[in-house]
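Dropping structure07.cif in here (mmCIF, C-alpha atoms):
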data_upload
loop_
_atom_site.label_atom_id
_atom_site.label_comp_id
_atom_site.auth_asym_id
_atom_site.auth_seq_id
_atom_site.Cartn_x
_atom_site.Cartn_y
_atom_site.Cartn_z
CA MET Q 1 8.45 -25.11 0.96
CA GLY Q 2 11.90 -25.06 2.51
CA GLU Q 3 13.46 -21.74 3.43
CA ARG Q 4 17.17 -21.10 3.12
CA ARG Q 5 18.79 -18.48 5.22
CA PHE Q 6 22.46 -17.79 4.78
CA THR Q 7 23.69 -16.30 8.00
CA VAL Q 8 26.99 -16.15 9.73
CA ALA Q 9 27.09 -18.14 12.97
CA GLY Q 10 25.68 -16.05 15.79
CA GLU Q 11 23.98 -13.61 13.41
CA MET Q 12 20.25 -12.85 13.53
CA GLN Q 13 18.26 -11.43 10.63
CA LEU Q 14 15.61 -8.79 11.14
CA VAL Q 15 13.24 -6.94 8.89
CA ALA Q 16 13.94 -3.35 9.94
CA PHE Q 17 11.54 -0.51 9.13
CA LYS Q 18 10.44 2.95 10.19
CA VAL Q 19 7.17 3.98 11.81
CA GLY Q 20 7.12 7.74 12.15
CA LYS Q 21 10.53 8.74 13.52
CA GLU Q 22 11.16 5.41 15.26
CA SER Q 23 13.12 2.44 13.86
CA PHE Q 24 11.79 -1.06 14.49
CA GLY Q 25 12.84 -4.60 13.76
CA VAL Q 26 10.99 -7.91 13.57
CA ASP Q 27 12.64 -11.33 13.51
CA VAL Q 28 12.69 -12.39 9.86
CA LYS Q 29 11.27 -15.79 10.91
CA LYS Q 30 7.99 -14.03 11.80
CA VAL Q 31 7.73 -12.27 8.41
CA GLU Q 32 5.71 -13.90 5.63
CA GLY Q 33 6.50 -11.21 3.08
CA VAL Q 34 6.61 -7.53 2.18
CA ILE Q 35 4.16 -6.11 -0.36
CA SER Q 36 3.41 -2.72 -1.85
CA LEU Q 37 0.59 -0.70 -0.37
CA VAL Q 38 -2.62 -1.90 -2.04
CA ASP Q 39 -6.28 -0.92 -1.77
CA ILE Q 40 -7.53 -1.83 1.69
CA THR Q 41 -11.19 -2.70 2.26
CA ARG Q 42 -12.58 -1.09 5.42
CA MET Q 43 -14.36 -3.39 7.86
CA PRO Q 44 -17.24 -2.13 9.98
CA ARG Q 45 -16.87 -2.42 13.76
CA SER Q 46 -13.11 -2.92 13.57
CA PRO Q 47 -10.75 -1.23 16.05
CA SER Q 48 -9.53 2.21 14.94
CA PHE Q 49 -5.99 0.96 14.29
CA VAL Q 50 -7.22 -1.75 11.88
CA GLU Q 51 -7.19 -0.16 8.41
CA GLY Q 52 -9.22 -3.03 6.98
CA ILE Q 53 -8.52 -6.20 5.03
CA ILE Q 54 -6.71 -7.23 1.87
CA ASN Q 55 -6.82 -10.34 -0.29
CA LEU Q 56 -3.30 -11.71 -0.54
CA ARG Q 57 -3.06 -14.71 -2.86
CA GLY Q 58 -6.56 -15.84 -1.88
CA GLN Q 59 -6.06 -15.28 1.84
CA ILE Q 60 -7.88 -12.51 3.72
CA ILE Q 61 -5.45 -10.58 5.94
CA ALA Q 62 -6.24 -7.77 8.38
CA VAL Q 63 -4.03 -4.70 7.93
CA VAL Q 64 -2.94 -2.71 11.00
CA ASP Q 65 -1.78 0.90 10.94
CA LEU Q 66 1.23 0.27 13.17
CA ALA Q 67 1.69 3.95 14.05
CA SER Q 68 -1.90 4.14 15.28
CA ARG Q 69 -1.59 0.84 17.16
CA LEU Q 70 1.61 1.87 18.90
CA GLY Q 71 0.24 5.32 19.68
CA ILE Q 72 2.99 7.19 17.84
CA GLU Q 73 2.80 9.86 15.21
CA GLY Q 74 3.10 8.42 11.71
CA SER Q 75 4.92 10.14 8.89
CA GLY Q 76 2.17 9.78 6.30
CA ARG Q 77 2.13 7.39 3.39
CA GLY Q 78 4.70 7.71 0.65
CA SER Q 79 6.58 5.83 -2.04
CA LYS Q 80 8.44 3.74 0.58
CA THR Q 81 5.30 2.69 2.48
CA ARG Q 82 4.82 -1.08 2.49
CA ILE Q 83 2.77 -3.77 4.17
CA VAL Q 84 4.87 -6.27 6.11
CA VAL Q 85 2.88 -9.49 6.52
CA VAL Q 86 3.70 -11.21 9.81
CA GLU Q 87 2.47 -14.24 11.68
CA SER Q 88 1.09 -13.21 15.08
CA GLU Q 89 0.50 -16.45 16.95
CA ASP Q 90 -1.78 -18.27 14.47
CA VAL Q 91 -3.09 -15.22 12.56
CA LYS Q 92 -1.43 -13.41 9.66
CA ILE Q 93 -1.65 -9.63 9.82
CA GLY Q 94 -0.27 -6.85 7.67
CA LEU Q 95 1.61 -3.97 9.29
CA ILE Q 96 1.81 -0.62 7.50
CA VAL Q 97 5.42 0.57 7.73
CA ASP Q 98 8.02 2.61 5.83
CA SER Q 99 11.30 1.55 4.20
CA PRO Q 100 11.52 -2.13 5.20
CA GLU Q 101 14.88 -3.86 4.67
CA VAL Q 102 16.55 -7.04 5.89
CA ILE Q 103 19.47 -6.44 8.22
CA ALA Q 104 21.74 -8.70 10.27
CA ILE Q 105 22.51 -8.11 13.92
CA ASN Q 106 24.44 -9.90 16.61
CA PRO Q 107 21.95 -11.25 19.20
CA GLU Q 108 24.41 -10.16 21.89
CA ASP Q 109 23.67 -6.55 20.91
CA ILE Q 110 20.04 -6.88 22.07
CA GLU Q 111 19.48 -5.03 25.34
CA PRO Q 112 16.54 -5.87 27.61
CA THR Q 113 13.44 -3.72 27.35
CA PRO Q 114 13.63 -0.66 29.59
CA GLN Q 115 10.97 -0.52 32.28
CA ILE Q 116 9.65 2.72 30.87
CA ALA Q 117 8.52 3.21 27.30
CA VAL Q 118 11.22 3.63 24.65
CA GLY Q 119 10.61 6.95 22.96
CA GLU Q 120 6.86 7.10 22.45
CA VAL Q 121 6.24 3.32 22.26
CA GLU Q 122 4.50 1.37 25.01
CA SER Q 123 6.92 -1.19 26.48
CA SER Q 124 4.51 -4.16 26.27
CA PHE Q 125 5.08 -4.25 22.48
CA ILE Q 126 8.86 -4.35 22.84
CA LYS Q 127 11.09 -7.44 23.02
CA GLY Q 128 14.29 -5.48 23.38
CA VAL Q 129 16.39 -2.69 21.97
CA VAL Q 130 19.39 -2.93 19.64
CA LYS Q 131 22.07 -0.22 19.67
CA MET Q 132 23.01 0.52 16.07
CA ASP Q 133 25.64 3.17 15.51
CA ASP Q 134 23.96 6.41 16.60
CA LYS Q 135 20.38 5.14 16.88
CA LEU Q 136 18.24 2.58 18.66
CA LEU Q 137 16.27 -0.11 16.87
CA ILE Q 138 13.23 -1.31 18.80
CA LEU Q 139 12.57 -5.05 18.54
CA LEU Q 140 8.82 -5.40 18.09
CA ASP Q 141 7.02 -8.37 19.63
CA VAL Q 142 4.52 -9.13 16.85
CA ASP Q 143 2.67 -11.58 19.10
CA ARG Q 144 1.68 -8.64 21.31
CA VAL Q 145 0.67 -6.18 18.59
CA LEU Q 146 -2.82 -7.66 18.88
CA SER Q 147 -4.38 -8.89 22.12
CA GLU Q 148 -5.95 -12.36 22.18
CA GLU Q 149 -9.38 -10.81 21.78
CA GLU Q 150 -8.23 -8.61 18.88
CA ARG Q 151 -6.60 -11.63 17.21
CA ALA Q 152 -9.92 -13.49 17.48
CA ASP Q 153 -11.72 -10.47 15.94
CA VAL Q 154 -9.21 -10.33 13.08
CA SER Q 155 -9.65 -14.07 12.54
CA ASP Q 156 -13.42 -13.44 12.32
CA PHE Q 157 -12.84 -10.96 9.45
CA GLU Q 158 -11.48 -13.81 7.37
CA HIS Q 159 -14.49 -16.01 8.09
CA GLU Q 160 -17.00 -13.19 7.52
CA GLU Q 161 -15.39 -12.25 4.20
CA LYS Q 162 -15.36 -15.86 2.97
CA GLY Q 163 -18.95 -16.32 4.15
CA THR Q 164 -20.39 -13.39 2.18
CA GLY Q 165 -19.90 -15.08 -1.17
CA GLY Q 166 -19.63 -11.63 -2.80
CA ILE Q 167 -22.43 -9.11 -2.61
#

Go through the file and emit its structure as structure tokens.
Amino acid sequence: MGERRFTVAGEMQLVAFKVGKESFGVDVKKVEGVISLVDITRMPRSPSFVEGIINLRGQIIAVVDLASRLGIEGSGRGSKTRIVVVESEDVKIGLIVDSPEVIAINPEDIEPTPQIAVGEVESSFIKGVVKMDDKLLILLDVDRVLSEEERADVSDFEHEEKGTGGI
């Protein structure tokens, strides 16, 4: 399935969204899709920031409460809350966010990650920061949202769910 992206030379597309009071962006190439908030099935023994799993077109996907994972205060769930499905290394995960939209930036506007945390967000999750008018947009490194071990655990959810055959 070929993807077409119409961008101006030198332009980069991001899916921008809010988590609490902070604005984030993820490279659109890492995003599989954006869906409405659906019922999430809790999984026993999962990390506290993993809300549970969803079935998306026959595929089991772990859903992460991004505010909880990043250690920032969320704004609660509302009519603009969505699940952004991203590819983190070889695992698809859903991120609970608010008000996602596709925006275009100039890659030259990306500043390196400050040595200290940006706002309340731990710097290991950050690829860089984009100055946009009067605010900062934090570029999220989706490959670091889950550690290798956590990615393996999330991958196990898919196998466990398929293996149950329905109870």

| said: As an exercise, work out the distance from atom CA of Ile105 of chain Q to atom CA of Gln13 of chain Q in Å and give it to one decimal place. | reply: 6.3 Å

Mind dumping a table of every segment 3-37 of chain Q residue within 12 Å of segment 44-54 of chain Q, with the nearest atom pair and its distance in Å to one decimal, using all atoms listed in the file, sorted by chain and rising number, as JSON lines?
{"residue": "Q:Ile35", "atom": "CA", "partner": "Q:Ile54", "partner_atom": "CA", "distance": 11.2}
{"residue": "Q:Ser36", "atom": "CA", "partner": "Q:Ile54", "partner_atom": "CA", "distance": 11.7}
{"residue": "Q:Leu37", "atom": "CA", "partner": "Q:Ile54", "partner_atom": "CA", "distance": 10.0}

| Selected residue, from Q:Arg69, Q:Lys131, Q:Lys92, Q:Arg82, that lies nearest to Val145 of chain Q when counting only C-alpha atoms | Q:Arg69

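Of the residues listed (Q:Val31, Q:Leu66, Q:Ile61, Q:Val97), Q:Val97 shows the shortest atom-to-atom separation from Gly78 of chain Q; distances use all atoms listed in the file.
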
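All residues of protein, DNA or RNA that reach within 7 Å of Ile110 of chain Q, judged by all atoms listed in the file and not counting those fewer than 6 positions away in the chain, are Gly128, Val129 and Val130 of chain Q.
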